Amino acid sequence: MNDRRKLPVIPISPEKCTAVTIQFSSDSSAPKPVKKTGPVSTEQLQAAVRQALGAKASLGERPGLLKDTETAYDNRLESTIRPKTLADYIGQSALKDSIQIGLDAAKSRAEALDHLLLYGPPGLGKTTLAMVIAQEMGAEIHITSAPALERPRDILGILMSMKPGSVLFIDEIHRLNKVAEEILYPAMEDFALDRTIGKGEGTKILRVPLPRFTLIGATTKAGSLSGPLRDRFGLIYRLNFYSEQELSNIILRSARILNIEASPEGALAIASRSRGTPRIANRLLRRVRDFMAVKKAGETLINEPIAREALDLFDIDPIGLDPTDRQLLKLIIENFSGGPVGLDTLASTLGEDPRTLEDVYEPYLLQAGLINRTPRGRTATGNTYRHLGYRLPAGFAEQAQLELESS
Ligand code: ADE
């Protein structure tokens, strides 16, 4: 398998469209160019393409190294280093094993894979995994995102263009509107569309058959999916944060593809500040390379001291927190005496969108034990005080215990 093979560059044109389609061929030759399925606005298309390529600017418009705002150049590189097969895909081993079984079984029966729901924090590889699955099945993938499926005809248009075995990837599936969701029920369950013909007494429901396809839904909020939609997925998997060793392997693989020299220690130094997230690890690798090119003329190897110096300069601390994370934690400690403080209050004090706080910033802070979520709001933990160099207030342990018990 040649890692350097490029995915097609996906054009963002002023034409109207709701999904991007990538054709993978089973003979592993270059993917066919992208097709678009219409009609919607350019803005929605751009959102869908950004979603498809992992930029997800809708989740956080603020520029920053760790969060989800990327340049077109970053996106192109991202698609170059994206793993193309399950064997290339590093980490998530339990999930990969069960997907491999599903794929082998589906292939042996010459059927489409069961519908699959992937959930977990942003940047952990949900879109990548969907593309890997399509490629492994030798199928085409239609990539869209729920906010782009505003009108019934948006989802209908995509479903009608499906071929046997096609994969439909819907990102942010928890944001699907009710009408689109109801169109999806029979499509997922019976591979059919129910079209209403006529009006009043003469109304008839016409069942239009669809080819068997695989829907892959991705969400950062599995709990926000309606029960009937969740129940129609045969396979439901959670993506977890990656270990430092896994991230370091991802960095070394990406460095090889991008012709960047990195030592194992250099890769590990970047991995340890990547918040358990491959997208961040790959982005930091490129920024450290930029730092080396500008500040270390003549040096060609990213080693541990260079990685550390670069990331210190970019103000990313030893556990991967950026200035906004630290500001958020300081705010809880300084303005709200360690909490609890409600999400909306926190967001408005920070001048940040509550959804961005919840979906982008909080998952890693929770995982790292730097905040707790209680019914009365967010609280700082002992780790938060220690990490930021504050003294624990008197009675902190007892108060924290009370908060935890009430949660
Ligand atoms: N790039 C981004 N995510 C990756 C993964 N899980 N494995 C390999 N390369 C990646």
# chains A, B, ... in the order shown; residues from 1 in each chain; ligands from 1

$ residues_around --residues "Gly369 of chain A" --least-positions-apart "4" --cutoff "8 Å" --atoms "only C-alpha atoms" --output "compact mmCIF listing (two decimals) with N, CA and C atoms, in the first residue's frame"
# COMPACT_ATOMS: atom_id res chain seq x y z
N LEU A 365 -10.40 18.10 29.11
CA LEU A 365 -10.23 18.57 30.49
C LEU A 365 -10.88 17.60 31.48
N THR A 381 -10.75 20.78 40.06
CA THR A 381 -10.36 19.63 40.89
C THR A 381 -9.04 19.96 41.58
N ASN A 383 -6.35 18.55 40.94
CA ASN A 383 -5.37 18.59 39.85
C ASN A 383 -5.30 19.98 39.22
N THR A 384 -6.46 20.62 39.09
CA THR A 384 -6.50 21.95 38.45
C THR A 384 -5.65 22.93 39.26

$ residues_around --residues "Pro152 of chain A" --least-positions-apart "3" --cutoff "8 Å" --atoms "only C-alpha atoms" --output "PyMOL selection string"
chain A and resi 149+155-156+179-180+183

$ closest_atom_pairs --of "chain A" --to "ligand 1" --cutoff "9 Å" --atoms "only C-alpha atoms and all ligand atoms" --output "CSV"
residue,atom,partner,partner_atom_place_in_ligand_line,distance
A:Glu78,CA,ligand 1,1 (N),7.8
A:Ile81,CA,ligand 1,1 (N),6.0
A:Arg82,CA,ligand 1,1 (N),4.9
A:Pro83,CA,ligand 1,9 (N),5.0
A:Lys84,CA,ligand 1,8 (C),8.7
A:Leu86,CA,ligand 1,7 (N),8.6
A:Ala87,CA,ligand 1,7 (N),8.9
A:Asp88,CA,ligand 1,8 (C),5.8
A:Tyr89,CA,ligand 1,7 (N),3.7
A:Ile90,CA,ligand 1,7 (N),3.7
A:Gly91,CA,ligand 1,6 (N),5.6
A:Gln92,CA,ligand 1,6 (N),7.4
A:Gly123,CA,ligand 1,3 (N),8.3
A:Leu124,CA,ligand 1,3 (N),6.9
A:Gly125,CA,ligand 1,3 (N),5.6
A:Thr128,CA,ligand 1,3 (N),7.0
A:Leu129,CA,ligand 1,6 (N),8.1
A:Tyr242,CA,ligand 1,6 (N),8.4
A:Glu246,CA,ligand 1,6 (N),8.1
A:Leu247,CA,ligand 1,5 (C),8.1
A:Asn249,CA,ligand 1,8 (C),7.8
A:Ile250,CA,ligand 1,9 (N),4.9
A:Ile251,CA,ligand 1,9 (N),7.7
A:Arg253,CA,ligand 1,9 (N),6.8
A:Ser254,CA,ligand 1,9 (N),6.8
A:Thr277,CA,ligand 1,3 (N),8.2
A:Pro278,CA,ligand 1,3 (N),4.9
A:Arg279,CA,ligand 1,2 (C),5.9
A:Ala281,CA,ligand 1,2 (C),8.3
A:Asn282,CA,ligand 1,1 (N),7.1

$ select_by_dssp --residues "segment 110-189 of chain A" --states "strand (DSSP E or B)" --output "PyMOL selection string"
chain A and resi 116-119+140-145+167-171

$ closest_atom_pairs --of "segment 283-313 of chain A" --to "segment 269-274 of chain A" --cutoff "7 Å" --atoms "only C-alpha atoms" --output "Markdown table"
| residue | atom | partner | partner_atom | distance |
| --- | --- | --- | --- | --- |
| A:Leu284 | CA | A:Ile270 | CA | 6.8 |
| A:Leu285 | CA | A:Ile270 | CA | 6.9 |
| A:Glu304 | CA | A:Ala269 | CA | 5.8 |
| A:Ala307 | CA | A:Ala269 | CA | 6.2 |
| A:Arg308 | CA | A:Ala269 | CA | 6.6 |

$ residues_around --residues "Ala187 of chain A" --least-positions-apart "6" --cutoff "12 Å" --atoms "only C-alpha atoms" --output "PyMOL selection string"
chain A and resi 115+155-156+158-160+162+168+180-181+193-195+207-215+229+232-233

$ write_last_selection --atoms "C-alpha atoms" --output "CSV table (one decimal), in the first residue's frame"
chain,number,residue,atom,x,y,z
A,115,HIS,CA,-25.2,0.8,9.8
A,155,ILE,CA,-31.3,13.9,2.1
A,156,LEU,CA,-33.6,12.5,-0.6
A,158,ILE,CA,-28.3,11.8,-1.7
A,159,LEU,CA,-30.3,8.6,-0.9
A,160,MET,CA,-31.6,8.4,-4.5
A,162,MET,CA,-26.8,5.6,-3.6
A,168,LEU,CA,-23.3,7.5,3.5
A,180,ALA,CA,-34.7,14.2,7.6
A,181,GLU,CA,-34.6,11.8,10.5
A,193,LEU,CA,-38.2,5.7,0.7
A,194,ASP,CA,-41.8,6.4,1.5
A,195,ARG,CA,-43.0,9.1,-0.8
A,207,ARG,CA,-42.6,2.8,-1.4
A,208,VAL,CA,-39.4,3.4,-3.5
A,209,PRO,CA,-36.8,0.7,-3.1
A,210,LEU,CA,-33.2,1.8,-2.4
A,211,PRO,CA,-30.0,-0.3,-2.8
A,212,ARG,CA,-28.6,-1.7,0.4
A,213,PHE,CA,-26.2,0.8,1.7
A,214,THR,CA,-24.3,1.5,4.9
A,215,LEU,CA,-25.0,4.7,6.9
A,229,LEU,CA,-32.5,6.8,15.3
A,232,ARG,CA,-31.4,1.6,13.9
A,233,PHE,CA,-27.7,1.4,14.1

$ atom_distance --atom1 "atom CA of Asp317 of chain A" --atom2 "atom CA of Thr80 of chain A"
28.2 Å

$ closest_residue --among "A:Leu313, A:Leu206, A:Ile101, A:Leu77" --to "Leu113 of chain A" --atoms "only C-alpha atoms"
A:Ile101

$ closest_residue --among "A:Ile205, A:Leu235, A:Ala134, A:Ala112" --to "Phe191 of chain A" --atoms "only C-alpha atoms"
A:Ala112
